[in-house]
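Asker: Would you mind keeping the following structure in view while I ask a few things?
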Amino acid sequence: MNDLPDYEKAQLLLEKNEIFVSPAEAHGVISGLLACGLTIDDKEYLGLLSDVFNDGESFSNDLKQFFGTIYKQVVASFNDDEFQFDLFLPSDDETLIDQANGLVSWVAGFMLGFGLKQKDYGKLSSDVKEVITDFSEITRLDTTFEETEEDSQALHEVIEYVRVSALLCFAELGKEQSTQSTKKTLH
């Protein structure tokens, strides 16, 4: 279910438009917004991304399309019954250091997106609080990996933990919002 654009092309598009974040971070912010309960059909995300990435300036059409593609993909994968959600990271062909830096950027983006919309941490479950604590630790991860099978496996275990944790946050906070907005539509 990976309908995401090519990572390197995405990086070039962002740089061409003077948006100095990685595609991983952009995907993380969108994922964090949705995981903490941004209404699924809300167009507010473009304004939030513009505030965070572009000093509030409007995005070019190609960037709007790029962010729209990521948004739709995250919504679809978060709602997938088979849990097909994946992080948008540099490919396995890249070095472990590049992949680890991509992971740290993704997690930092997730934390940012989550924090933009989630204001009441006291109401979060202990599981979600633990995820936020763990994600905070991951943002400080030492990304100097050796190109060994052991380090590769360790990195992929952290990536899988982050992936499942994002799904947990969405299941607890995001689905609640999408269910509520569906109920509102029915009345």
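Letters A, B, ... go to the chains of the structure tokens in the order shown; residues in each chain start at 1; ligands are counted from 1 in the same order.
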From the DSSP assignment of the backbone, select every residue of region 76-171 of chain A that is helix (DSSP H, G or I), and format the answer as an MDAnalysis selection string.
Answerer: chainID A and resid 76:78 96:117 121:123 126:138 149:171
Asker: Excluding region 139-152 of chain A and its own-chain neighbours fewer than 5 positions away, which residues fall within 7 Å of it when counting only C-alpha atoms? Please give them as a list in words.
Answerer: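 Answer for this query is Leu96, Ile97, Ala100, Asn101, Val104, Val107 and Ala108 of chain A.
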Asker: Please dump the current selection as a PDB file, in the first residue's frame; keep N, CA, C and O atoms.
Answerer:
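The new file again-v3.pdb reads:
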ATOM      1  N   LEU A  96      23.009   2.896   6.496  1.00  0.00           N
ATOM      2  CA  LEU A  96      22.266   2.810   7.753  1.00  0.00           C
ATOM      3  C   LEU A  96      22.219   4.162   8.447  1.00  0.00           C
ATOM      4  O   LEU A  96      21.220   4.498   9.093  1.00  0.00           O
ATOM      5  N   ILE A  97      23.279   4.940   8.309  1.00  0.00           N
ATOM      6  CA  ILE A  97      23.299   6.276   8.919  1.00  0.00           C
ATOM      7  C   ILE A  97      22.201   7.141   8.301  1.00  0.00           C
ATOM      8  O   ILE A  97      21.465   7.830   9.018  1.00  0.00           O
ATOM      9  N   ALA A 100      18.897   5.876   9.564  1.00  0.00           N
ATOM     10  CA  ALA A 100      18.715   6.247  10.979  1.00  0.00           C
ATOM     11  C   ALA A 100      18.398   7.736  11.101  1.00  0.00           C
ATOM     12  O   ALA A 100      17.521   8.124  11.881  1.00  0.00           O
ATOM     13  N   ASN A 101      19.099   8.571  10.332  1.00  0.00           N
ATOM     14  CA  ASN A 101      18.804  10.009  10.358  1.00  0.00           C
ATOM     15  C   ASN A 101      17.390  10.275   9.856  1.00  0.00           C
ATOM     16  O   ASN A 101      16.688  11.142  10.385  1.00  0.00           O
ATOM     17  N   VAL A 104      15.039   9.405  12.746  1.00  0.00           N
ATOM     18  CA  VAL A 104      15.053  10.462  13.761  1.00  0.00           C
ATOM     19  C   VAL A 104      14.243  11.667  13.259  1.00  0.00           C
ATOM     20  O   VAL A 104      13.452  12.248  14.009  1.00  0.00           O
ATOM     21  N   VAL A 107      10.487  10.771  13.429  1.00  0.00           N
ATOM     22  CA  VAL A 107       9.977  10.800  14.806  1.00  0.00           C
ATOM     23  C   VAL A 107       9.868  12.240  15.311  1.00  0.00           C
ATOM     24  O   VAL A 107       8.873  12.614  15.941  1.00  0.00           O
ATOM     25  N   ALA A 108      10.870  13.067  15.008  1.00  0.00           N
ATOM     26  CA  ALA A 108      10.806  14.478  15.403  1.00  0.00           C
ATOM     27  C   ALA A 108       9.596  15.152  14.743  1.00  0.00           C
ATOM     28  O   ALA A 108       8.876  15.934  15.384  1.00  0.00           O
TER      29      ALA A 108
END
Asker: May I ask which of the residues A:Phe110, A:Tyr45, A:Phe53, A:Tyr161 is the closest one to Ile19 (chain A), counting only C-alpha atoms?
Answerer: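 Of all the options, A:Phe53 lies closest to Ile19 (chain A).
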Asker: Using only C-alpha atoms, which protein or nucleic acid residues come within 10 Å of Phe88 (chain A)? Drop anything in the same chain fewer than 5 positions from it, and give the result as number ranges by chain.
Answerer: A: 2, 4-7, 22-28, 70, 74, 102-103, 106
Asker: What does the file look like for those residues with all heavy atoms, as a CSV table (one decimal), in the first residue's frame?
Answerer:
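As a result, part_6.csv now contains:
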chain,number,residue,atom,x,y,z
A,2,ASN,N,2.1,1.2,-0.5
A,2,ASN,CA,2.9,2.3,-0.5
A,2,ASN,C,2.8,3.1,-1.7
A,2,ASN,O,3.4,2.8,-2.8
A,2,ASN,CB,4.4,1.8,-0.3
A,2,ASN,CG,5.3,3.0,0.1
A,2,ASN,OD1,4.9,4.1,0.0
A,2,ASN,ND2,6.5,2.6,0.5
A,4,LEU,N,3.6,6.3,-1.9
A,4,LEU,CA,4.4,7.5,-1.7
A,4,LEU,C,5.3,7.7,-2.9
A,4,LEU,O,5.7,6.8,-3.6
A,4,LEU,CB,5.2,7.3,-0.4
A,4,LEU,CG,4.4,7.3,0.9
A,4,LEU,CD1,5.2,6.9,2.0
A,4,LEU,CD2,3.8,8.7,1.1
A,5,PRO,N,5.6,9.0,-3.1
A,5,PRO,CA,6.6,9.3,-4.2
A,5,PRO,C,8.0,8.8,-3.9
A,5,PRO,O,8.2,8.4,-2.8
A,5,PRO,CB,6.5,10.8,-4.3
A,5,PRO,CG,5.9,11.3,-3.0
A,5,PRO,CD,5.1,10.2,-2.4
A,6,ASP,N,8.8,8.8,-4.9
A,6,ASP,CA,10.2,8.5,-4.7
A,6,ASP,C,10.8,9.4,-3.7
A,6,ASP,O,10.7,10.7,-3.8
A,6,ASP,CB,10.9,8.6,-6.0
A,6,ASP,CG,12.4,8.3,-5.9
A,6,ASP,OD1,12.8,7.1,-5.7
A,6,ASP,OD2,13.2,9.3,-5.9
A,7,TYR,N,11.6,8.9,-2.7
A,7,TYR,CA,12.1,9.7,-1.6
A,7,TYR,C,13.1,10.8,-2.1
A,7,TYR,O,13.0,11.9,-1.7
A,7,TYR,CB,12.8,8.8,-0.6
A,7,TYR,CG,13.1,9.5,0.7
A,7,TYR,CD1,12.2,9.5,1.7
A,7,TYR,CD2,14.4,10.1,0.9
A,7,TYR,CE1,12.5,10.2,2.9
A,7,TYR,CE2,14.6,10.8,2.1
A,7,TYR,CZ,13.7,10.8,3.1
A,7,TYR,OH,13.9,11.5,4.3
A,22,SER,N,13.2,17.2,5.7
A,22,SER,CA,13.3,16.0,4.9
A,22,SER,C,11.9,15.5,4.6
A,22,SER,O,10.9,15.8,5.3
A,22,SER,CB,14.1,14.9,5.6
A,22,SER,OG,13.3,14.5,6.8
A,23,PRO,N,11.8,14.7,3.5
A,23,PRO,CA,10.5,14.0,3.3
A,23,PRO,C,10.0,13.2,4.5
A,23,PRO,O,8.8,13.1,4.8
A,23,PRO,CB,10.7,13.1,2.1
A,23,PRO,CG,11.9,13.8,1.4
A,23,PRO,CD,12.7,14.3,2.5
A,24,ALA,N,11.0,12.6,5.2
A,24,ALA,CA,10.6,11.8,6.4
A,24,ALA,C,10.0,12.7,7.4
A,24,ALA,O,9.0,12.3,8.0
A,24,ALA,CB,11.9,11.1,7.0
A,25,GLU,N,10.5,13.9,7.7
A,25,GLU,CA,10.0,14.8,8.7
A,25,GLU,C,8.6,15.3,8.3
A,25,GLU,O,7.7,15.3,9.1
A,25,GLU,CB,10.9,16.0,8.9
A,25,GLU,CG,10.5,16.9,10.0
A,25,GLU,CD,11.4,18.0,10.4
A,25,GLU,OE1,12.6,18.0,9.8
A,25,GLU,OE2,11.1,18.8,11.2
A,26,ALA,N,8.4,15.6,7.0
A,26,ALA,CA,7.1,16.0,6.5
A,26,ALA,C,6.1,14.9,6.7
A,26,ALA,O,5.0,15.2,7.2
A,26,ALA,CB,7.2,16.4,5.0
A,27,HIS,N,6.4,13.7,6.4
A,27,HIS,CA,5.5,12.6,6.6
A,27,HIS,C,5.2,12.4,8.0
A,27,HIS,O,4.1,12.1,8.4
A,27,HIS,CB,6.2,11.3,5.9
A,27,HIS,CG,5.3,10.1,5.9
A,27,HIS,ND1,5.2,9.2,6.9
A,27,HIS,CD2,4.4,9.7,5.0
A,27,HIS,CE1,4.4,8.2,6.6
A,27,HIS,NE2,3.9,8.5,5.4
A,28,GLY,N,6.3,12.6,8.9
A,28,GLY,CA,6.1,12.4,10.3
A,28,GLY,C,5.1,13.4,10.9
A,28,GLY,O,4.3,13.1,11.7
A,70,ILE,N,0.8,12.7,0.3
A,70,ILE,CA,1.2,12.1,1.5
A,70,ILE,C,0.1,12.0,2.5
A,70,ILE,O,-0.2,11.0,3.1
A,70,ILE,CB,2.4,12.9,2.2
A,70,ILE,CG1,3.7,12.8,1.4
A,70,ILE,CG2,2.6,12.5,3.6
A,70,ILE,CD1,4.8,13.6,1.9
A,74,VAL,N,-1.3,8.6,4.1
A,74,VAL,CA,-1.3,8.3,5.6
A,74,VAL,C,-2.7,8.0,6.1
A,74,VAL,O,-2.9,7.1,6.8
A,74,VAL,CB,-0.7,9.5,6.4
A,74,VAL,CG1,-0.9,9.3,7.9
A,74,VAL,CG2,0.7,9.7,6.0
A,102,GLY,N,16.9,9.5,8.8
A,102,GLY,CA,15.6,9.6,8.4
A,102,GLY,C,14.6,9.3,9.4
A,102,GLY,O,13.6,9.9,9.6
A,103,LEU,N,14.9,8.2,10.2
A,103,LEU,CA,14.0,7.8,11.3
A,103,LEU,C,13.9,8.9,12.4
A,103,LEU,O,12.8,9.2,12.8
A,103,LEU,CB,14.5,6.5,11.9
A,103,LEU,CG,13.7,6.0,13.1
A,103,LEU,CD1,12.3,5.7,12.8
A,103,LEU,CD2,14.4,4.8,13.8
A,106,TRP,N,11.8,11.6,11.1
A,106,TRP,CA,10.4,11.2,11.0
A,106,TRP,C,9.8,11.3,12.4
A,106,TRP,O,8.7,11.9,12.6
A,106,TRP,CB,10.2,9.8,10.5
A,106,TRP,CG,8.8,9.4,10.2
A,106,TRP,CD1,8.1,9.5,9.0
A,106,TRP,CD2,7.8,9.0,11.2
A,106,TRP,NE1,6.8,9.2,9.2
A,106,TRP,CE2,6.6,8.8,10.5
A,106,TRP,CE3,7.8,8.7,12.5
A,106,TRP,CZ2,5.4,8.4,11.1
A,106,TRP,CZ3,6.6,8.3,13.2
A,106,TRP,CH2,5.4,8.1,12.5
Asker: Between CA of Lys72 (chain A) and CA of Asp55 (chain A), what is the distance, to one decimal in Å?
Answerer: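 Here the two named atoms are 23.6 Å from each other.
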Asker: Take CA of Asn54 (chain A) and CA of Leu14 (chain A) and report the distance between them in Å, one decimal.
Answerer: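 CA of Asn54 (chain A) sits 10.8 Å away from CA of Leu14 (chain A).
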Asker: Residues within 10 Å of Phe170 (chain A), please, as a ChimeraX atom specification. Count only C-alpha atoms; anything in the same chain fewer than 4 positions from it doesn't count.
Answerer: /A:31-38,75,78-79,128,164-166,174-178
Asker: Find the residue from A:Leu155, A:Ala76, A:Leu46, A:Leu12 that sits nearest to Asn61 (chain A); use only C-alpha atoms when measuring.
Answerer: A:Leu46
